[in-house]
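Reproduced below: my_file-v5.cif, with mmCIF, C-alpha atoms.
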```cif
data_my_file
loop_
_atom_site.group_PDB
_atom_site.id
_atom_site.type_symbol
_atom_site.label_atom_id
_atom_site.label_comp_id
_atom_site.auth_asym_id
_atom_site.auth_seq_id
_atom_site.Cartn_x
_atom_site.Cartn_y
_atom_site.Cartn_z
ATOM 1 C CA MET A 18 11.322 6.169 -4.526
ATOM 2 C CA THR A 19 8.129 8.040 -5.252
ATOM 3 C CA GLU A 20 5.032 6.185 -4.149
ATOM 4 C CA ASN A 21 2.526 5.290 -6.853
ATOM 5 C CA PRO A 22 -0.394 7.684 -6.185
ATOM 6 C CA THR A 23 -2.867 5.174 -7.651
ATOM 7 C CA ARG A 24 -1.898 2.343 -5.286
ATOM 8 C CA PRO A 25 -4.505 1.697 -2.554
ATOM 9 C CA ARG A 26 -3.255 2.839 0.832
ATOM 10 C CA ARG A 27 -3.685 0.883 4.018
ATOM 11 C CA GLY A 28 -4.773 2.059 7.407
ATOM 12 C CA ARG A 29 -7.719 3.975 8.767
ATOM 13 C CA PRO A 30 -9.538 6.381 6.433
ATOM 14 C CA PRO A 31 -8.658 10.056 6.888
ATOM 15 C CA THR A 32 -10.648 11.877 9.561
ATOM 16 C CA PHE A 33 -10.099 15.318 8.014
ATOM 17 C CA ASP A 34 -11.731 17.184 5.142
ATOM 18 C CA ARG A 35 -9.637 16.199 2.127
ATOM 19 C CA GLY A 36 -10.796 19.170 0.055
ATOM 20 C CA VAL A 37 -9.906 21.683 2.743
ATOM 21 C CA ALA A 38 -6.511 20.058 3.268
ATOM 22 C CA LEU A 39 -5.813 20.045 -0.477
ATOM 23 C CA THR A 40 -6.754 23.728 -0.741
ATOM 24 C CA ALA A 41 -4.307 24.547 2.063
ATOM 25 C CA ALA A 42 -1.536 22.568 0.359
ATOM 26 C CA THR A 43 -2.272 24.289 -2.952
ATOM 27 C CA ARG A 44 -1.928 27.708 -1.380
ATOM 28 C CA LEU A 45 1.350 26.806 0.302
ATOM 29 C CA PHE A 46 2.961 25.342 -2.829
ATOM 30 C CA TRP A 47 1.701 28.340 -4.811
ATOM 31 C CA GLU A 48 3.170 30.830 -2.348
ATOM 32 C CA ARG A 49 6.522 29.151 -1.687
ATOM 33 C CA GLY A 50 7.148 26.806 -4.587
ATOM 34 C CA TYR A 51 7.835 23.090 -4.430
ATOM 35 C CA GLU A 52 11.399 23.128 -3.130
ATOM 36 C CA ALA A 53 10.844 25.613 -0.291
ATOM 37 C CA THR A 54 7.774 23.808 1.066
ATOM 38 C CA SER A 55 8.585 21.114 3.627
ATOM 39 C CA VAL A 56 6.387 18.271 4.818
ATOM 40 C CA THR A 57 6.241 20.000 8.206
ATOM 41 C CA ASP A 58 5.021 23.189 6.523
ATOM 42 C CA LEU A 59 2.371 21.167 4.696
ATOM 43 C CA THR A 60 1.078 19.242 7.711
ATOM 44 C CA THR A 61 0.892 22.454 9.729
ATOM 45 C CA ALA A 62 -1.036 24.288 7.023
ATOM 46 C CA MET A 63 -3.283 21.295 6.328
ATOM 47 C CA GLY A 64 -3.971 20.669 10.017
ATOM 48 C CA ILE A 65 -2.966 17.002 9.845
ATOM 49 C CA ARG A 66 -0.206 14.738 11.083
ATOM 50 C CA PRO A 67 2.553 13.441 8.778
ATOM 51 C CA GLY A 68 1.109 9.940 8.929
ATOM 52 C CA SER A 69 -2.233 11.238 7.688
ATOM 53 C CA LEU A 70 -0.563 13.071 4.823
ATOM 54 C CA TYR A 71 1.295 9.968 3.677
ATOM 55 C CA ALA A 72 -1.776 7.752 4.094
ATOM 56 C CA ALA A 73 -4.111 10.077 2.205
ATOM 57 C CA PHE A 74 -1.865 11.637 -0.428
ATOM 58 C CA GLY A 75 1.377 9.645 -0.598
ATOM 59 C CA ASP A 76 4.685 11.503 -0.398
ATOM 60 C CA LYS A 77 5.312 15.206 -0.973
ATOM 61 C CA ARG A 78 5.705 14.782 -4.714
ATOM 62 C CA SER A 79 2.460 12.811 -5.029
ATOM 63 C CA LEU A 80 0.671 15.510 -3.058
ATOM 64 C CA PHE A 81 2.132 18.187 -5.292
ATOM 65 C CA GLU A 82 0.998 16.377 -8.428
ATOM 66 C CA GLU A 83 -2.524 16.177 -7.016
ATOM 67 C CA VAL A 84 -2.343 19.887 -6.162
ATOM 68 C CA VAL A 85 -1.395 20.669 -9.755
ATOM 69 C CA ARG A 86 -4.316 18.599 -11.078
ATOM 70 C CA HIS A 87 -6.683 20.313 -8.635
ATOM 71 C CA TYR A 88 -5.369 23.733 -9.663
ATOM 72 C CA GLY A 89 -5.696 22.865 -13.343
ATOM 73 C CA HIS A 90 -9.432 22.243 -12.924
ATOM 74 C CA SER A 91 -10.071 25.378 -10.873
ATOM 75 C CA PRO A 92 -11.298 28.672 -12.395
ATOM 76 C CA VAL A 93 -7.915 30.319 -11.808
ATOM 77 C CA GLY A 94 -6.027 27.436 -13.383
ATOM 78 C CA ALA A 95 -8.298 26.594 -16.310
ATOM 79 C CA PHE A 96 -9.188 30.037 -17.661
ATOM 80 C CA ALA A 97 -6.977 29.782 -20.757
ATOM 81 C CA GLU A 98 -8.331 26.390 -21.760
ATOM 82 C CA ALA A 99 -11.879 27.634 -21.228
ATOM 83 C CA ALA A 100 -11.285 30.655 -23.466
ATOM 84 C CA LEU A 101 -9.827 28.517 -26.253
ATOM 85 C CA GLN A 102 -12.845 26.216 -26.127
ATOM 86 C CA GLU A 103 -15.594 28.794 -25.681
ATOM 87 C CA GLU A 104 -14.677 31.742 -27.882
ATOM 88 C CA THR A 105 -15.736 31.609 -31.523
ATOM 89 C CA THR A 106 -12.663 33.401 -32.882
ATOM 90 C CA ALA A 107 -8.996 32.990 -32.046
ATOM 91 C CA TYR A 108 -8.610 36.724 -31.463
ATOM 92 C CA ALA A 109 -11.449 36.701 -28.941
ATOM 93 C CA ALA A 110 -9.878 33.695 -27.211
ATOM 94 C CA PHE A 111 -6.439 35.276 -26.853
ATOM 95 C CA ALA A 112 -7.866 38.646 -25.871
ATOM 96 C CA ARG A 113 -9.866 36.925 -23.151
ATOM 97 C CA ILE A 114 -6.853 34.909 -21.968
ATOM 98 C CA LEU A 115 -4.634 37.977 -21.675
ATOM 99 C CA ARG A 116 -7.290 40.124 -20.003
ATOM 100 C CA GLU A 117 -8.263 37.400 -17.556
ATOM 101 C CA ALA A 118 -4.604 36.752 -16.717
ATOM 102 C CA ALA A 119 -4.264 40.452 -15.939
ATOM 103 C CA ALA A 120 -7.150 40.208 -13.476
ATOM 104 C CA ILE A 121 -6.435 36.755 -12.003
ATOM 105 C CA TYR A 122 -2.676 36.861 -11.439
ATOM 106 C CA PRO A 123 -2.623 39.801 -8.987
ATOM 107 C CA ASP A 124 -5.948 38.916 -7.299
ATOM 108 C CA PRO A 125 -5.322 39.162 -3.525
ATOM 109 C CA SER A 126 -7.727 36.287 -2.776
ATOM 110 C CA HIS A 127 -4.958 33.829 -3.688
ATOM 111 C CA PRO A 128 -1.159 33.856 -4.122
ATOM 112 C CA ALA A 129 0.050 35.989 -7.019
ATOM 113 C CA GLY A 130 0.851 34.607 -10.436
ATOM 114 C CA CYS A 131 0.314 31.114 -11.814
ATOM 115 C CA LEU A 132 1.199 28.014 -9.808
ATOM 116 C CA VAL A 133 2.245 26.032 -12.901
ATOM 117 C CA ILE A 134 4.554 28.824 -14.051
ATOM 118 C CA SER A 135 6.261 29.578 -10.741
ATOM 119 C CA ALA A 136 6.044 26.585 -8.384
ATOM 120 C CA ALA A 137 9.161 24.747 -9.583
ATOM 121 C CA THR A 138 11.509 27.361 -10.982
ATOM 122 C CA ASN A 139 14.351 26.172 -8.733
ATOM 123 C CA VAL A 140 14.499 22.569 -7.572
ATOM 124 C CA SER A 141 17.249 20.236 -6.448
ATOM 125 C CA PRO A 142 18.536 17.578 -8.873
ATOM 126 C CA GLN A 143 16.613 14.808 -7.125
ATOM 127 C CA ASP A 144 13.377 16.690 -7.793
ATOM 128 C CA ALA A 145 14.116 17.501 -11.434
ATOM 129 C CA GLU A 146 11.133 15.393 -12.493
ATOM 130 C CA VAL A 147 8.830 17.874 -10.746
ATOM 131 C CA GLN A 148 10.309 20.693 -12.796
ATOM 132 C CA ALA A 149 9.985 18.602 -15.954
ATOM 133 C CA HIS A 150 6.338 17.842 -15.176
ATOM 134 C CA LEU A 151 5.448 21.531 -14.953
ATOM 135 C CA ARG A 152 7.493 22.302 -18.052
ATOM 136 C CA ASP A 153 5.508 19.664 -19.926
ATOM 137 C CA LEU A 154 2.253 21.264 -18.789
ATOM 138 C CA ARG A 155 3.407 24.694 -19.969
ATOM 139 C CA ASN A 156 4.505 23.233 -23.307
ATOM 140 C CA ARG A 157 1.127 21.542 -23.634
ATOM 141 C CA ASN A 158 -0.501 24.945 -23.233
ATOM 142 C CA LEU A 159 1.744 26.363 -25.964
ATOM 143 C CA HIS A 160 0.762 23.494 -28.228
ATOM 144 C CA ALA A 161 -2.920 24.289 -27.605
ATOM 145 C CA PHE A 162 -2.221 27.940 -28.474
ATOM 146 C CA GLU A 163 -0.483 26.953 -31.691
ATOM 147 C CA THR A 164 -3.238 24.531 -32.685
ATOM 148 C CA ARG A 165 -5.877 27.237 -32.289
ATOM 149 C CA LEU A 166 -3.771 29.700 -34.270
ATOM 150 C CA ARG A 167 -3.194 27.199 -37.085
ATOM 151 C CA THR A 168 -6.947 26.688 -37.296
ATOM 152 C CA ALA A 169 -7.421 30.453 -37.414
ATOM 153 C CA ARG A 170 -4.974 30.728 -40.316
ATOM 154 C CA ALA A 171 -6.688 27.893 -42.182
ATOM 155 C CA ASP A 172 -10.057 29.591 -41.650
ATOM 156 C CA GLY A 173 -8.777 32.918 -42.965
ATOM 157 C CA GLU A 174 -8.857 34.700 -39.609
ATOM 158 C CA LEU A 175 -5.075 35.082 -39.814
ATOM 159 C CA PRO A 176 -3.219 36.023 -43.013
ATOM 160 C CA PRO A 177 -1.475 33.197 -44.933
ATOM 161 C CA ASP A 178 1.976 34.432 -43.924
ATOM 162 C CA ALA A 179 1.179 34.436 -40.178
ATOM 163 C CA ASP A 180 3.422 32.164 -38.090
ATOM 164 C CA PRO A 181 1.266 30.236 -35.555
ATOM 165 C CA HIS A 182 4.321 28.771 -33.815
ATOM 166 C CA ALA A 183 5.902 32.177 -33.269
ATOM 167 C CA LEU A 184 2.615 33.758 -32.210
ATOM 168 C CA ALA A 185 1.959 30.970 -29.708
ATOM 169 C CA GLY A 186 5.439 31.434 -28.264
ATOM 170 C CA TYR A 187 4.950 35.184 -28.078
ATOM 171 C CA PHE A 188 1.658 34.998 -26.208
ATOM 172 C CA GLY A 189 3.037 32.281 -23.939
ATOM 173 C CA THR A 190 6.028 34.469 -23.107
ATOM 174 C CA VAL A 191 3.802 37.453 -22.340
ATOM 175 C CA ILE A 192 1.560 35.378 -20.068
ATOM 176 C CA GLN A 193 4.516 33.882 -18.187
ATOM 177 C CA GLY A 194 5.979 37.363 -17.801
ATOM 178 C CA MET A 195 2.667 38.669 -16.468
ATOM 179 C CA SER A 196 2.689 35.909 -13.849
ATOM 180 C CA GLN A 197 6.143 36.935 -12.641
ATOM 181 C CA GLN A 198 5.245 40.614 -12.709
ATOM 182 C CA ALA A 199 2.232 39.874 -10.512
ATOM 183 C CA ARG A 200 4.498 38.097 -8.023
ATOM 184 C CA ASP A 201 6.723 41.169 -8.066
ATOM 185 C CA GLY A 202 3.805 43.439 -7.177
ATOM 186 C CA ALA A 203 2.295 44.524 -10.505
ATOM 187 C CA THR A 204 -1.348 45.533 -10.190
ATOM 188 C CA ALA A 205 -4.295 44.467 -12.311
ATOM 189 C CA ALA A 206 -4.164 47.852 -14.041
ATOM 190 C CA ASP A 207 -0.462 47.400 -14.812
ATOM 191 C CA LEU A 208 -1.062 43.965 -16.298
ATOM 192 C CA ALA A 209 -4.137 45.110 -18.222
ATOM 193 C CA ARG A 210 -1.949 47.628 -20.044
ATOM 194 C CA THR A 211 0.508 44.844 -20.863
ATOM 195 C CA ALA A 212 -2.338 42.698 -22.182
ATOM 196 C CA GLU A 213 -3.588 45.439 -24.496
ATOM 197 C CA LEU A 214 -0.090 46.113 -25.802
ATOM 198 C CA ALA A 215 0.404 42.420 -26.496
ATOM 199 C CA LEU A 216 -2.810 42.264 -28.506
ATOM 200 C CA ARG A 217 -1.393 44.869 -30.874
ATOM 201 C CA ALA A 218 0.915 42.141 -32.184
ATOM 202 C CA TRP A 219 -2.082 40.308 -33.655
ATOM 203 C CA PRO A 220 -1.485 40.101 -37.417
#
```
Just dump the structure as C-alpha cells.
Amino acid sequence: MTENPTRPRRGRPPTFDRGVALTAATRLFWERGYEATSVTDLTTAMGIRPGSLYAAFGDKRSLFEEVVRHYGHSPVGAFAEAALQEETTAYAAFARILREAAAIYPDPSHPAGCLVISAATNVSPQDAEVQAHLRDLRNRNLHAFETRLRTARADGELPPDADPHALAGYFGTVIQGMSQQARDGATAADLARTAELALRAWP
C-alpha cells in the first residue's frame, strides 16, 4: 500500500540536504524512467540510506510524485504554463512554447526530453497509477492549450472555423514528439526546424 505522503513521519529528522537529494532523484527518474529506477539506485544517487529515504519521502511512488511536483515548478518543467500566462496573444504563446521546447529538451545540462512525457511510458500493472498520474498531467496541459485557443477564437485572433480542440491536440503531439526526438539525439537546431514547421499550421 502506498504511504500517504502527507502523514507525519516518525523518527529523527533527516541529516541530509533535502533539496540536493530531490534534485538527484529527479535526474535519475528523468534519465531512466519510473520502472527502471530502483530504491537502491535512488539511495545511491541521493547519498542516503533506505531508511532515510522512507522517513523523509515515503516510498518510491511518493518520492516520484514529489519529484514530478518539483519538476513542474522548475523552469524546465513550467515553461509552457509560463508562456500561456505571460504572452498577450495565443500565437506568441505557442510560438514561445515550441521554440523553448526546442532549446530545453536537448539541453545537455539535464536529461533529454520532458520528464512528464517520458518517465512512465512502460510500467508494470501494479504501478499503473503512476502512468495514469502522468497521463492526467499531460491531458491537463492539453486542456490549458485548448482553453487558450478557444479564447483566441472568441477574441478574433483565430478564424471562426478554427478547431481549438484539434489545434491543441496537434501542438501537444508535436511537443511530445520533440521530447522523444531529443531523447533519440535530435539537436536544438533539428528541433527548432520542427517548431517552425509546426507554426505554419496556425490558421
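In terms of minimum interatomic distance to A:Thr138, A:Leu151 ranks closest within A:Ala161, A:Leu151, A:Ala183, A:Ala209, counting only C-alpha atoms.
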Quick one: distance from atom CA of A:Ala97 to atom CA of A:Leu159 in Å, one decimal?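 Atom-to-atom, atom CA of A:Ala97 to atom CA of A:Leu159, that is 10.7 Å.
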Evaluating the PyMOL selection byres ((chain A and resi 156) around 12) on the displayed file yields which residues, as number ranges by chain? A: 133-134, 149-155, 157-163, 182, 185-186, 189-190, 193
Which residue gives the smallest distance to A:Ile114 among A:Gly194, A:Ala145, A:Leu216, A:Leu59, with only C-alpha atoms counted?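 Looking only at the distances to A:Ile114, the closest residue turns out to be A:Leu216.
Take the candidates A:Arg66, A:Arg200, A:His127, A:His87 and check each one against A:Arg44 using all atoms listed in the file; the shortest distance goes to A:His127.
For the atom pair formed by atom CA of A:Ser91 and atom CA of A:Ala129, the distance is 15.2 Å, given to one decimal.
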If you apply the PyMOL selection byres ((chain A and resi 78) around 10) to this file, what residues do you get, as a CSV table (one decimal) with C-alpha atoms, in the coordinates of the input?
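Here's the written file expr.csv:
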```
chain,number,residue,atom,x,y,z
A,19,THR,CA,8.1,8.0,-5.3
A,20,GLU,CA,5.0,6.2,-4.1
A,22,PRO,CA,-0.4,7.7,-6.2
A,51,TYR,CA,7.8,23.1,-4.4
A,74,PHE,CA,-1.9,11.6,-0.4
A,75,GLY,CA,1.4,9.6,-0.6
A,76,ASP,CA,4.7,11.5,-0.4
A,77,LYS,CA,5.3,15.2,-1.0
A,79,SER,CA,2.5,12.8,-5.0
A,80,LEU,CA,0.7,15.5,-3.1
A,81,PHE,CA,2.1,18.2,-5.3
A,82,GLU,CA,1.0,16.4,-8.4
A,83,GLU,CA,-2.5,16.2,-7.0
A,84,VAL,CA,-2.3,19.9,-6.2
A,144,ASP,CA,13.4,16.7,-7.8
A,146,GLU,CA,11.1,15.4,-12.5
A,147,VAL,CA,8.8,17.9,-10.7
```
Could you tell me how far atom CA of A:Gly68 lies from atom CA of A:Ala42, in Å and to one decimal?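 Value for the atom CA of A:Gly68-atom CA of A:Ala42 distance: 15.5 Å.
Shortest separation to A:Glu103 among A:Met195, A:Ala53, A:Ser69, A:Arg165 occurs at residue A:Arg165, atoms counted being only C-alpha atoms.
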